[in-house]
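Trainee: Sending over start_7.txt (compact mmCIF, C-alpha atoms).
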# COMPACT_ATOMS: atom_id res chain seq x y z
CA MET A 24 -9.31 -72.63 24.73
CA LYS A 25 -7.12 -74.76 26.94
CA ASN A 26 -7.47 -78.50 27.23
CA PRO A 27 -10.50 -79.69 29.24
CA LEU A 28 -8.40 -80.95 32.14
CA THR A 29 -7.31 -77.44 33.08
CA LEU A 30 -9.90 -75.23 31.43
CA LEU A 31 -12.95 -77.14 32.64
CA ALA A 32 -11.38 -77.50 36.09
CA ALA A 33 -12.07 -73.79 36.49
CA CYS A 34 -14.24 -72.88 33.60
CA VAL A 35 -17.50 -73.82 32.66
CA PRO A 36 -15.88 -72.74 35.89
CA LEU A 37 3.20 -68.49 64.23
CA LEU A 38 0.12 -66.45 62.60
CA ILE A 39 0.65 -62.89 61.40
CA ALA A 40 -2.44 -60.80 61.93
CA CYS A 41 -3.48 -58.32 59.25
CA GLU A 42 -3.64 -55.03 61.10
CA ALA A 43 -3.65 -52.65 58.15
CA PRO A 44 -4.46 -49.09 59.19
CA ALA A 45 -7.80 -47.83 57.96
CA PRO A 46 -7.42 -45.91 54.68
CA GLN A 47 -7.90 -42.16 54.88
CA PRO A 48 -10.45 -40.49 52.61
CA ASP A 49 -9.57 -37.50 50.45
CA SER A 50 -12.77 -35.77 51.56
CA GLU A 51 -13.26 -33.65 54.67
CA PRO A 52 -12.44 -35.22 58.04
CA GLY A 53 -15.35 -37.20 59.37
CA ALA A 54 -17.00 -37.57 55.97
CA PRO A 55 -17.77 -41.15 54.92
CA MET A 56 -15.36 -42.58 52.38
CA ASP A 57 -16.51 -42.85 48.79
CA TYR A 58 -14.99 -46.31 48.37
CA ALA A 59 -15.73 -46.56 44.66
CA ALA A 60 -14.09 -43.21 43.89
CA GLU A 61 -11.10 -44.04 46.09
CA ALA A 62 -10.71 -47.40 44.34
CA GLN A 63 -10.72 -45.70 40.95
CA ARG A 64 -8.06 -43.25 42.13
CA ILE A 65 -5.81 -46.02 43.43
CA ALA A 66 -6.28 -48.04 40.23
CA LYS A 67 -5.22 -45.08 38.09
CA THR A 68 -2.20 -44.09 40.19
CA SER A 69 -0.76 -47.52 41.09
CA ILE A 70 1.12 -50.08 39.03
CA ILE A 71 -1.23 -53.05 38.53
CA ILE A 72 0.50 -56.27 37.51
CA ASP A 73 -1.48 -59.39 36.67
CA THR A 74 0.83 -62.37 36.28
CA HIS A 75 -1.48 -64.54 34.19
CA VAL A 76 -3.54 -63.38 31.22
CA ASP A 77 -4.15 -65.90 28.43
CA VAL A 78 -4.52 -63.45 25.53
CA PRO A 79 -2.01 -65.12 23.15
CA PHE A 80 -3.67 -68.54 23.08
CA ARG A 81 -7.10 -66.90 22.79
CA LEU A 82 -5.93 -64.92 19.75
CA LEU A 83 -4.32 -67.96 18.18
CA GLU A 84 -7.75 -69.60 18.02
CA ASN A 85 -9.75 -66.41 17.40
CA PRO A 86 -7.65 -63.57 15.89
CA GLN A 87 -8.76 -60.12 17.06
CA ASP A 88 -7.26 -56.67 17.41
CA VAL A 89 -6.95 -56.28 21.18
CA SER A 90 -5.60 -52.75 20.78
CA GLU A 91 -9.27 -51.86 20.20
CA SER A 92 -12.47 -53.01 21.89
CA THR A 93 -13.38 -56.64 21.30
CA ALA A 94 -16.83 -58.18 21.58
CA THR A 95 -15.45 -61.35 23.20
CA GLY A 96 -12.67 -62.29 25.59
CA ASP A 97 -11.68 -60.84 28.95
CA PHE A 98 -8.94 -58.48 27.73
CA ASP A 99 -8.61 -55.60 25.34
CA TYR A 100 -6.75 -52.30 25.59
CA PRO A 101 -9.74 -50.01 26.31
CA ARG A 102 -11.05 -52.25 29.09
CA ALA A 103 -7.56 -52.70 30.54
CA VAL A 104 -7.03 -48.93 30.64
CA SER A 105 -10.44 -48.51 32.26
CA GLY A 106 -9.44 -51.00 34.95
CA GLY A 107 -6.01 -49.44 35.52
CA LEU A 108 -4.06 -52.50 34.34
CA ASN A 109 -0.44 -51.66 33.53
CA ALA A 110 1.40 -54.95 33.14
CA PRO A 111 -0.49 -58.11 32.18
CA PHE A 112 1.92 -61.02 31.84
CA MET A 113 1.11 -62.61 28.50
CA SER A 114 0.83 -66.35 29.05
CA ILE A 115 2.82 -68.29 26.44
CA PHE A 116 0.83 -71.49 26.87
CA THR A 117 1.73 -74.77 25.15
CA GLU A 118 -0.63 -77.72 25.35
CA ALA A 119 0.70 -80.79 27.16
CA ASP A 120 0.20 -83.12 24.17
CA LEU A 121 2.70 -81.14 22.08
CA GLU A 122 5.67 -82.47 24.05
CA ALA A 123 5.30 -86.01 22.68
CA GLN A 124 5.03 -84.54 19.18
CA GLY A 125 8.22 -82.49 19.54
CA LYS A 126 6.29 -79.30 18.76
CA SER A 127 6.39 -77.42 22.06
CA ARG A 128 9.18 -74.96 21.28
CA VAL A 129 7.73 -74.15 17.87
CA ALA A 130 4.32 -73.50 19.44
CA ALA A 131 5.82 -71.26 22.14
CA ASP A 132 7.77 -69.24 19.59
CA GLU A 133 4.60 -68.78 17.54
CA LEU A 134 2.82 -67.26 20.52
CA ILE A 135 5.77 -64.99 21.35
CA ASP A 136 5.72 -63.86 17.72
CA LEU A 137 2.02 -63.09 18.15
CA VAL A 138 2.70 -60.87 21.19
CA ASP A 139 5.55 -59.15 19.34
CA GLY A 140 3.02 -58.47 16.59
CA ILE A 141 0.58 -56.86 19.03
CA VAL A 142 3.34 -54.47 20.09
CA ALA A 143 4.53 -53.79 16.54
CA ASP A 144 0.99 -52.93 15.44
CA ALA A 145 0.32 -50.53 18.34
CA PRO A 146 3.64 -49.29 19.78
CA GLU A 147 1.92 -46.22 21.21
CA LYS A 148 -0.13 -48.55 23.45
CA PHE A 149 2.01 -51.62 24.18
CA ALA A 150 5.66 -52.52 24.83
CA ILE A 151 7.38 -55.77 25.80
CA ALA A 152 8.74 -55.50 29.35
CA ARG A 153 11.83 -57.48 30.32
CA SER A 154 12.54 -56.04 33.77
CA PRO A 155 10.90 -54.23 36.70
CA ASP A 156 12.65 -51.03 35.57
CA GLU A 157 10.94 -51.29 32.20
CA ILE A 158 7.58 -51.82 33.91
CA ARG A 159 8.09 -48.59 35.83
CA ARG A 160 9.34 -46.67 32.81
CA HIS A 161 6.40 -47.75 30.67
CA PHE A 162 4.06 -46.75 33.53
CA GLU A 163 5.51 -43.25 33.54
CA GLN A 164 5.18 -43.10 29.74
CA GLY A 165 1.57 -44.22 29.78
CA ILE A 166 2.35 -47.40 27.83
CA MET A 167 1.02 -50.83 28.79
CA SER A 168 3.78 -53.35 29.52
CA LEU A 169 3.48 -56.88 28.14
CA PRO A 170 5.92 -59.06 30.09
CA LEU A 171 5.99 -62.75 29.11
CA GLY A 172 5.53 -65.93 31.12
CA LEU A 173 5.99 -69.43 29.67
CA GLU A 174 3.12 -71.63 30.88
CA ASN A 175 4.49 -75.17 30.67
CA GLY A 176 8.20 -75.94 30.61
CA SER A 177 7.87 -78.49 27.81
CA PRO A 178 9.29 -76.05 25.18
CA ILE A 179 12.67 -76.43 26.91
CA GLU A 180 12.68 -79.85 25.23
CA GLY A 181 15.39 -81.33 27.40
CA ASN A 182 17.97 -78.74 26.36
CA LEU A 183 19.15 -76.14 28.87
CA ALA A 184 20.28 -73.95 25.96
CA ASN A 185 16.61 -73.32 25.27
CA LEU A 186 16.41 -71.40 28.55
CA LYS A 187 18.71 -68.78 27.02
CA HIS A 188 16.63 -68.81 23.84
CA PHE A 189 13.45 -68.03 25.76
CA TYR A 190 15.15 -65.55 28.08
CA ASP A 191 16.42 -63.68 25.04
CA ARG A 192 12.89 -63.68 23.65
CA GLY A 193 11.59 -62.01 26.83
CA ILE A 194 10.36 -64.90 29.00
CA ARG A 195 10.65 -63.91 32.66
CA TYR A 196 8.86 -66.75 34.41
CA ILE A 197 8.31 -70.40 33.55
CA THR A 198 5.50 -72.58 34.90
CA LEU A 199 7.41 -75.84 35.05
CA THR A 200 4.52 -78.06 33.91
CA HIS A 201 0.83 -77.85 33.03
CA GLY A 202 -2.00 -80.39 32.62
CA LYS A 203 0.24 -83.46 32.39
CA SER A 204 3.55 -84.55 33.82
CA ASN A 205 6.35 -83.50 31.48
CA HIS A 206 10.10 -84.09 31.28
CA ILE A 207 10.66 -81.50 34.04
CA SER A 208 7.98 -82.01 36.65
CA ASP A 209 4.89 -83.87 37.76
CA SER A 210 1.58 -82.04 37.39
CA SER A 211 -1.14 -81.56 40.00
CA TYR A 212 -3.65 -82.53 37.31
CA ASP A 213 -1.95 -85.79 36.37
CA ALA A 214 -2.69 -88.90 38.45
CA GLU A 215 0.60 -90.42 37.23
CA HIS A 216 3.45 -88.79 39.12
CA GLN A 217 6.30 -90.32 37.16
CA TRP A 218 9.05 -88.36 38.94
CA ASN A 219 7.55 -88.11 42.43
CA GLY A 220 8.35 -84.41 42.15
CA LEU A 221 10.91 -82.89 39.79
CA SER A 222 12.96 -84.98 37.39
CA GLU A 223 16.76 -84.81 37.64
CA PHE A 224 16.66 -82.58 34.58
CA GLY A 225 13.98 -80.48 36.26
CA ILE A 226 16.29 -79.81 39.18
CA GLU A 227 18.90 -78.55 36.71
CA VAL A 228 16.26 -76.38 35.04
CA VAL A 229 15.43 -74.68 38.35
CA LYS A 230 19.12 -74.02 39.04
CA GLU A 231 19.64 -72.62 35.54
CA MET A 232 16.55 -70.42 35.85
CA ASN A 233 18.03 -69.02 39.06
CA ARG A 234 21.25 -68.28 37.17
CA PHE A 235 19.47 -66.52 34.30
CA GLY A 236 17.06 -64.54 36.47
CA ILE A 237 13.90 -66.31 35.27
CA MET A 238 11.27 -66.62 38.01
CA VAL A 239 10.30 -70.20 38.87
CA ASP A 240 6.52 -70.65 38.83
CA VAL A 241 5.02 -73.46 40.94
CA SER A 242 1.41 -73.17 39.76
CA HIS A 243 0.23 -76.49 38.27
CA LEU A 244 2.94 -78.51 40.07
CA SER A 245 2.23 -81.57 42.18
CA ASP A 246 2.84 -81.12 45.90
CA ASP A 247 6.01 -83.22 45.75
CA ALA A 248 7.33 -81.12 42.87
CA PHE A 249 6.58 -77.95 44.82
CA TRP A 250 8.66 -79.16 47.75
CA ASP A 251 11.49 -80.14 45.39
CA VAL A 252 11.47 -76.58 44.04
CA MET A 253 11.60 -75.17 47.56
CA GLU A 254 14.60 -77.35 48.31
CA THR A 255 16.36 -76.46 45.05
CA SER A 256 15.73 -72.79 44.33
CA THR A 257 18.04 -70.22 45.87
CA SER A 258 15.84 -67.38 44.56
CA PRO A 259 12.28 -66.46 45.54
CA VAL A 260 9.57 -68.43 43.77
CA ILE A 261 6.14 -67.38 42.52
CA ALA A 262 2.79 -69.09 42.09
CA SER A 263 1.59 -67.14 39.06
CA HIS A 264 -2.09 -68.16 39.23
CA SER A 265 -3.07 -70.28 42.22
CA SER A 266 -5.49 -69.91 45.11
CA ALA A 267 -5.82 -71.27 48.65
CA ARG A 268 -6.64 -74.98 49.07
CA HIS A 269 -8.15 -74.07 52.43
CA PHE A 270 -11.33 -73.20 50.48
CA THR A 271 -11.18 -76.18 48.07
CA PRO A 272 -10.13 -79.08 50.34
CA GLY A 273 -8.29 -81.91 48.63
CA TRP A 274 -7.76 -80.12 45.32
CA GLU A 275 -4.03 -80.30 44.58
CA ARG A 276 -4.03 -77.52 41.98
CA ASN A 277 -4.47 -74.96 44.77
CA MET A 278 -1.86 -74.44 47.51
CA ASN A 279 -2.26 -75.65 51.08
CA ASP A 280 -1.26 -73.58 54.09
CA ASP A 281 2.11 -75.30 54.58
CA MET A 282 2.99 -74.54 50.98
CA ILE A 283 1.92 -70.90 51.30
CA MET A 284 4.06 -70.53 54.42
CA ALA A 285 7.05 -72.14 52.69
CA LEU A 286 6.61 -69.86 49.68
CA ALA A 287 6.61 -66.85 51.99
CA GLU A 288 9.67 -68.07 53.90
CA ASN A 289 11.39 -68.41 50.53
CA GLY A 290 10.57 -64.72 49.91
CA GLY A 291 8.11 -65.52 47.15
CA VAL A 292 4.61 -64.39 46.27
CA MET A 293 1.29 -66.15 45.61
CA GLN A 294 -0.82 -64.59 42.86
CA ILE A 295 -4.53 -65.31 43.38
CA ASN A 296 -6.43 -66.99 40.53
CA PHE A 297 -9.96 -65.59 40.01
CA GLY A 298 -11.59 -68.66 38.39
CA SER A 299 -14.64 -69.71 40.42
CA GLY A 300 -13.44 -73.32 40.55
CA PHE A 301 -10.25 -72.09 42.24
CA ILE A 302 -12.16 -69.92 44.69
CA SER A 303 -15.22 -71.74 46.05
CA LYS A 304 -16.07 -75.30 47.03
CA PRO A 305 -19.51 -75.27 45.32
CA ALA A 306 -17.89 -74.31 42.02
CA ARG A 307 -15.14 -76.88 42.54
CA ASP A 308 -17.70 -79.60 43.28
CA TYR A 309 -19.64 -78.68 40.13
CA ASP A 310 -16.48 -78.60 37.99
CA THR A 311 -15.15 -82.04 38.84
CA PRO A 312 -17.92 -84.22 37.33
CA ARG A 313 -18.42 -81.80 34.46
CA MET A 314 -14.75 -81.97 33.56
CA ALA A 315 -14.95 -85.76 33.44
CA ALA A 316 -18.11 -85.61 31.30
CA ALA A 317 -16.49 -83.12 28.92
CA GLN A 318 -13.47 -85.37 28.50
CA GLU A 319 -15.76 -88.29 27.65
CA TRP A 320 -17.59 -86.19 25.08
CA MET A 321 -14.35 -85.03 23.46
CA ALA A 322 -13.05 -88.60 23.33
CA ALA A 323 -16.29 -89.78 21.71
CA ASN A 324 -16.21 -86.90 19.21
CA PRO A 325 -12.57 -86.60 18.13
CA GLU A 326 -13.51 -84.51 15.12
CA LYS A 327 -14.91 -81.80 17.42
CA GLY A 328 -12.97 -78.90 18.89
CA TYR A 329 -13.30 -76.78 22.01
CA ALA A 330 -15.64 -74.35 20.26
CA ASP A 331 -17.99 -77.28 19.58
CA LEU A 332 -17.72 -78.38 23.19
CA PHE A 333 -18.92 -75.04 24.50
CA ARG A 334 -21.49 -74.45 21.77
CA ASP A 335 -23.03 -77.93 21.50
CA TRP A 336 -22.28 -79.89 24.67
CA LEU A 337 -22.16 -77.31 27.43
CA PRO A 338 -25.74 -75.98 27.11
CA GLN A 339 -27.09 -79.52 27.27
CA TYR A 340 -24.99 -80.33 30.33
CA THR A 341 -26.13 -77.14 32.04
CA ALA A 342 -29.78 -77.88 31.28
CA GLU A 343 -29.44 -81.31 32.88
CA HIS A 344 -27.32 -80.36 35.91
CA GLY A 345 -28.29 -76.78 36.68
CA PRO A 346 -26.48 -73.45 36.29
CA TYR A 347 -22.88 -72.89 37.22
CA PRO A 348 -22.42 -71.71 40.87
CA TYR A 349 -20.25 -68.65 40.31
CA ALA A 350 -18.03 -67.43 43.11
CA SER A 351 -18.43 -63.84 44.30
CA LEU A 352 -16.03 -60.95 44.73
CA ASP A 353 -16.22 -61.54 48.49
CA ASP A 354 -15.16 -65.15 47.95
CA VAL A 355 -12.07 -63.91 46.10
CA LEU A 356 -11.32 -61.38 48.84
CA ASP A 357 -11.46 -64.22 51.36
CA HIS A 358 -8.45 -65.79 49.61
CA PHE A 359 -6.46 -62.57 49.91
CA ASP A 360 -7.39 -62.32 53.59
CA HIS A 361 -6.41 -65.94 54.17
CA VAL A 362 -2.93 -65.49 52.72
CA VAL A 363 -2.38 -62.18 54.53
CA ASN A 364 -3.50 -63.61 57.86
CA LEU A 365 -1.26 -66.62 57.32
CA VAL A 366 2.00 -65.01 56.11
CA GLY A 367 1.54 -61.24 55.95
CA ILE A 368 0.85 -58.63 53.28
CA ASP A 369 4.14 -59.06 51.39
CA HIS A 370 3.37 -62.43 49.80
CA VAL A 371 0.16 -62.08 47.80
CA GLY A 372 -0.80 -60.57 44.45
CA ILE A 373 -3.00 -60.94 41.36
CA GLY A 374 -2.85 -63.80 38.85
CA SER A 375 -6.40 -63.65 37.50
CA ASP A 376 -6.23 -66.20 34.65
CA PHE A 377 -8.32 -63.85 32.49
CA ASP A 378 -8.96 -65.44 29.08
CA GLY A 379 -7.89 -68.79 30.55
CA VAL A 380 -10.86 -69.89 32.67
CA GLY A 381 -13.70 -69.46 30.19
CA ASP A 382 -16.97 -68.25 31.66
CA SER A 383 -16.13 -69.20 35.25
CA LEU A 384 -15.07 -65.75 36.46
CA PRO A 385 -16.75 -64.53 39.66
CA THR A 386 -19.47 -61.93 39.82
CA GLY A 387 -17.81 -58.54 39.99
CA LEU A 388 -14.56 -59.72 38.35
CA LYS A 389 -15.59 -60.60 34.82
CA ASP A 390 -12.83 -58.86 32.85
CA VAL A 391 -9.82 -56.54 33.04
CA ALA A 392 -12.03 -53.51 33.66
CA ALA A 393 -12.88 -54.91 37.10
CA TYR A 394 -9.67 -54.35 39.13
CA PRO A 395 -11.26 -51.29 40.84
CA ASN A 396 -13.95 -53.63 42.19
CA LEU A 397 -11.21 -55.70 43.84
CA ILE A 398 -9.58 -52.57 45.23
CA GLU A 399 -12.91 -51.30 46.57
CA GLY A 400 -13.44 -54.62 48.32
CA LEU A 401 -9.99 -54.45 49.89
CA LEU A 402 -10.64 -50.90 51.09
CA LYS A 403 -13.90 -51.97 52.69
CA ARG A 404 -12.01 -54.73 54.51
CA GLY A 405 -9.62 -52.20 56.02
CA TYR A 406 -6.55 -52.54 53.81
CA SER A 407 -4.45 -49.38 53.55
CA GLU A 408 -3.50 -47.86 50.21
CA GLN A 409 0.12 -48.89 50.80
CA ASP A 410 -0.84 -52.51 51.35
CA ILE A 411 -3.19 -52.51 48.36
CA GLN A 412 -0.33 -51.25 46.18
CA LYS A 413 1.74 -54.20 47.35
CA ILE A 414 -1.02 -56.57 46.27
CA LEU A 415 -1.52 -54.80 42.94
CA GLY A 416 2.10 -55.09 41.89
CA GLY A 417 4.61 -54.08 44.52
CA ASN A 418 5.12 -57.59 45.87
CA LEU A 419 5.70 -59.07 42.43
CA LEU A 420 8.17 -56.32 41.52
CA ARG A 421 10.08 -56.98 44.76
CA VAL A 422 10.36 -60.70 43.99
CA TRP A 423 11.35 -60.08 40.37
CA GLU A 424 14.08 -57.65 41.44
CA ASP A 425 15.36 -60.14 44.01
CA VAL A 426 15.50 -62.89 41.37
CA GLU A 427 17.37 -60.53 39.03
CA GLY A 428 19.81 -59.49 41.76
CA LYS A 429 20.64 -63.02 42.80
CA ALA A 430 21.13 -64.00 39.16
CA LEU A 431 23.55 -61.14 38.63
CA LYS A 432 25.59 -62.26 41.64
CA LYS A 433 25.73 -65.82 40.28
CA GLN A 434 26.83 -64.60 36.85
CA THR A 435 29.50 -62.22 38.13
CA SER A 436 30.89 -64.74 40.62
CA GLY A 437 31.57 -67.22 37.84
Starting from the file, give its structure as structure tokens.

Mentor:
Amino acid sequence: MKNPLTLLAACVPLLIACEAPAPQPDSEPGAPMDYAAEAQRIAKTSIIIDTHVDVPFRLLENPQDVSESTATGDFDYPRAVSGGLNAPFMSIFTEADLEAQGKSRVAADELIDLVDGIVADAPEKFAIARSPDEIRRHFEQGIMSLPLGLENGSPIEGNLANLKHFYDRGIRYITLTHGKSNHISDSSYDAEHQWNGLSEFGIEVVKEMNRFGIMVDVSHLSDDAFWDVMETSTSPVIASHSSARHFTPGWERNMNDDMIMALAENGGVMQINFGSGFISKPARDYDTPRMAAAQEWMAANPEKGYADLFRDWLPQYTAEHGPYPYASLDDVLDHFDHVVNLVGIDHVGIGSDFDGVGDSLPTGLKDVAAYPNLIEGLLKRGYSEQDIQKILGGNLLRVWEDVEGKALKKQTSG
């Protein structure tokens, strides 16, 4: 699992009004809508893109064949098909400590190799996707796309040539930093903001990502770094797995309303993280002291790993402090409503963080089979099928195409 700073943070957990027309049932006029059946239909006929699924790092620690059913984890092919998922971005996550060891690029390449292996072993089920057109083509072919996102920019290792290396390997977004400040950007999780935003090299990274057509991801960034990205990027920006700070006051990892509005003005999209600690204040309040306690335990037991933490330490902590206060599906829907009411339907999507937030997932959204539950909730709140399709993947595809188009203009203009 991920380091305790980020994993335990979520794991062990002008207004624009939303006036979406009421969805129309397929049944006879006047008949009540069968929301569950309608949600299943929409899930099976729409492109569902989830911009953050941590399968590669999960498999690195616990090898499994995700082309078949697995007893653990949040993702496998049968459950994904059941939920209608078409394009989970595979998170190529490198731990923050690897930067100082000079091992970040090697670690990232190892995870990309792992995803390539998933595809090679089951080409009838999976294919790497490098563009929106490939997402759509795979959808028509009944194949699940596996686009790639680099979570943590440390594998760039101070060399802009590595951007081409990772672009050629299929990376289509980069989260500039992660649990600690790196050579590119300050982190929302790191009390030491050494750059007060982006480093000078980080500014060059953003410009070069714009030129290549790699989406800039602002999840995990400090607020100052976010605003530096907004000032620097000439292409739309994404937040691949963040939620609204409105519901978790003072927690920098989530985005405040000014940031959400700036992201929308930039043409970008905010992909909602499902982890309970991202969604509800009770879960956030429970997570903060537990995260600190877990870090103390790990420091006092350096020979132990994350599996030991969850097997040996977590049950004891839970017995002493009470059960985890899981968020609900309605809590998650509140985040979608908040963004839509703030900036409109075109700037929100799904970035679940499946396989990345441990056992903190909300009731009703426990794995990749659960997207129809989200759709059903949106239908009940009055969202139209057209707007739901934007949330499921249309908004992300629009941003990706815009980033590609602007990159092509930069490249052809010299």

Trainee: With all atoms listed in the file as the counted atoms, please give the residues lying no more than 10 Å from segment 278-291 of chain A, apart from itself and same-chain residues fewer than 6 positions off, as a ChimeraX atom specification.

Mentor: /A:38,238-246,249-250,253-254,256-262,265-272,361-362,365-367,369-371,418-419,421-423,425-426

Trainee: Quick check, in Å to one decimal: how far apart do atom CA of Arg160 of chain A and atom CA of Leu397 of chain A lie?

Mentor: 25.0 Å

Trainee: Using Å and a single decimal, report how far atom CA of Gln294 of chain A sits from atom CA of Ile135 of chain A.

Mentor: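 Straight-line distance from atom CA of Ile135 of chain A to atom CA of Gln294 of chain A works out to 22.5 Å.
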
Trainee: Between atom CA of Ala143 of chain A and atom CA of Thr68 of chain A, what distance in Å does the model show, to one decimal?

Mentor: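 Separation between atom CA of Ala143 of chain A and atom CA of Thr68 of chain A: 26.4 Å.
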
Trainee: Could you name the residues that touch Gly193 of chain A at 10 Å or less, counting all atoms listed in the file, but leaving out those on the same chain fewer than 5 positions away, as a list in words?

Mentor: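 Here the answer would be Ile135, Ile151, Ala152, Arg153, Ser154, Leu169, Pro170, Leu171, Gly172, Leu173, Lys187, His188 and Ile237 of chain A.
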
Trainee: If we count only C-alpha atoms and set the cut-off at 10 Å, which residues sit around segment 110-114 of chain A, ignoring sequence neighbours fewer than 5 positions away in its own chain? Please answer as JSON, numbers by chain.

Mentor: {"A": [70, 71, 72, 73, 74, 75, 76, 77, 78, 79, 80, 98, 103, 131, 134, 135, 138, 149, 150, 151, 152, 158, 159, 161, 162, 166, 167, 168, 169, 170, 171, 172, 173, 174, 175, 194, 195, 196, 197, 198, 263, 373, 374, 375, 376, 377, 378, 379, 391, 416]}

Trainee: Would you save the residues of that selection, restricted to C-alpha atoms, as a short mmCIF file (atom, residue, chain, number, x, y, z; two decimals), in the frame of the given file?

Mentor:
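The resulting part-v4.cif:
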data_model
loop_
_atom_site.label_atom_id
_atom_site.label_comp_id
_atom_site.auth_asym_id
_atom_site.auth_seq_id
_atom_site.Cartn_x
_atom_site.Cartn_y
_atom_site.Cartn_z
CA ILE A 70 1.12 -50.08 39.03
CA ILE A 71 -1.23 -53.05 38.53
CA ILE A 72 0.50 -56.27 37.51
CA ASP A 73 -1.48 -59.39 36.67
CA THR A 74 0.83 -62.37 36.28
CA HIS A 75 -1.48 -64.54 34.19
CA VAL A 76 -3.54 -63.38 31.22
CA ASP A 77 -4.15 -65.90 28.43
CA VAL A 78 -4.52 -63.45 25.53
CA PRO A 79 -2.01 -65.12 23.15
CA PHE A 80 -3.67 -68.54 23.08
CA PHE A 98 -8.94 -58.48 27.73
CA ALA A 103 -7.56 -52.70 30.54
CA ALA A 131 5.82 -71.26 22.14
CA LEU A 134 2.82 -67.26 20.52
CA ILE A 135 5.77 -64.99 21.35
CA VAL A 138 2.70 -60.87 21.19
CA PHE A 149 2.01 -51.62 24.18
CA ALA A 150 5.66 -52.52 24.83
CA ILE A 151 7.38 -55.77 25.80
CA ALA A 152 8.74 -55.50 29.35
CA ILE A 158 7.58 -51.82 33.91
CA ARG A 159 8.09 -48.59 35.83
CA HIS A 161 6.40 -47.75 30.67
CA PHE A 162 4.06 -46.75 33.53
CA ILE A 166 2.35 -47.40 27.83
CA MET A 167 1.02 -50.83 28.79
CA SER A 168 3.78 -53.35 29.52
CA LEU A 169 3.48 -56.88 28.14
CA PRO A 170 5.92 -59.06 30.09
CA LEU A 171 5.99 -62.75 29.11
CA GLY A 172 5.53 -65.93 31.12
CA LEU A 173 5.99 -69.43 29.67
CA GLU A 174 3.12 -71.63 30.88
CA ASN A 175 4.49 -75.17 30.67
CA ILE A 194 10.36 -64.90 29.00
CA ARG A 195 10.65 -63.91 32.66
CA TYR A 196 8.86 -66.75 34.41
CA ILE A 197 8.31 -70.40 33.55
CA THR A 198 5.50 -72.58 34.90
CA SER A 263 1.59 -67.14 39.06
CA ILE A 373 -3.00 -60.94 41.36
CA GLY A 374 -2.85 -63.80 38.85
CA SER A 375 -6.40 -63.65 37.50
CA ASP A 376 -6.23 -66.20 34.65
CA PHE A 377 -8.32 -63.85 32.49
CA ASP A 378 -8.96 -65.44 29.08
CA GLY A 379 -7.89 -68.79 30.55
CA VAL A 391 -9.82 -56.54 33.04
CA GLY A 416 2.10 -55.09 41.89
#

Trainee: Which residue, A:Val252, A:Val89, A:Ala60, A:Ala315, has the smallest gap to Ile207 of chain A when you use all atoms listed in the file?

Mentor: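 Of A:Val252, A:Val89, A:Ala60, A:Ala315, the one nearest Ile207 of chain A is A:Val252, counting all atoms listed in the file.
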
Trainee: Using only C-alpha atoms, which of the listed residues (A:Leu221, A:Leu356, A:Ala248, A:Ile302) sits closest to Ser383 of chain A?

Mentor: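 Checking each of A:Leu221, A:Leu356, A:Ala248, A:Ile302 against Ser383 of chain A, counting only C-alpha atoms, the winner is A:Ile302.
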
Trainee: List as a PyMOL selection string the protein and nucleic acid residues near Phe359 of chain A, meaning an atom at most 9 Å away when all atoms listed in the file are counted, but skip any in the same chain fewer than 4 places from it.

Mentor: chain A and resi 266-267+295+355+363-364+368+371-372+401+414

Trainee: Save out the residues we just selected, C-alpha atoms, as an mmCIF file, keeping the file's coordinate frame.

Mentor:
data_model
loop_
_atom_site.group_PDB
_atom_site.id
_atom_site.type_symbol
_atom_site.label_atom_id
_atom_site.label_comp_id
_atom_site.auth_asym_id
_atom_site.auth_seq_id
_atom_site.Cartn_x
_atom_site.Cartn_y
_atom_site.Cartn_z
ATOM 1 C CA SER A 266 -5.490 -69.910 45.110
ATOM 2 C CA ALA A 267 -5.820 -71.270 48.650
ATOM 3 C CA ILE A 295 -4.530 -65.310 43.380
ATOM 4 C CA VAL A 355 -12.070 -63.910 46.100
ATOM 5 C CA VAL A 363 -2.380 -62.180 54.530
ATOM 6 C CA ASN A 364 -3.500 -63.610 57.860
ATOM 7 C CA ILE A 368 0.850 -58.630 53.280
ATOM 8 C CA VAL A 371 0.160 -62.080 47.800
ATOM 9 C CA GLY A 372 -0.800 -60.570 44.450
ATOM 10 C CA LEU A 401 -9.990 -54.450 49.890
ATOM 11 C CA ILE A 414 -1.020 -56.570 46.270
#

Trainee: I'd like the contact shell of Ser222 of chain A - 10 Å cut-off, all atoms listed in the file, skipping same-chain residues fewer than 3 positions apart - returned as a ChimeraX atom specification.

Mentor: /A:205-209,217-219,225-228,248,251

Trainee: Find, counting only C-alpha atoms, the residue in A:Gly300, A:Gly328, A:Gly405, A:Gly125 that gets nearest to Met56 of chain A.

Mentor: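 Among the listed residues, A:Gly405 lies closest to Met56 of chain A.
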
Trainee: Hey, could you pull the box centre and edge lengths for segment 58-66 of chain A, axis-aligned, 5 Å padding per side, all listed atoms, to one decimal in Å, as lines of an AutoDock Vina configuration file?

Mentor:
center_x = -10.8
center_y = -45.6
center_z = 44.3
size_x = 19.9
size_y = 14.8
size_z = 18.1
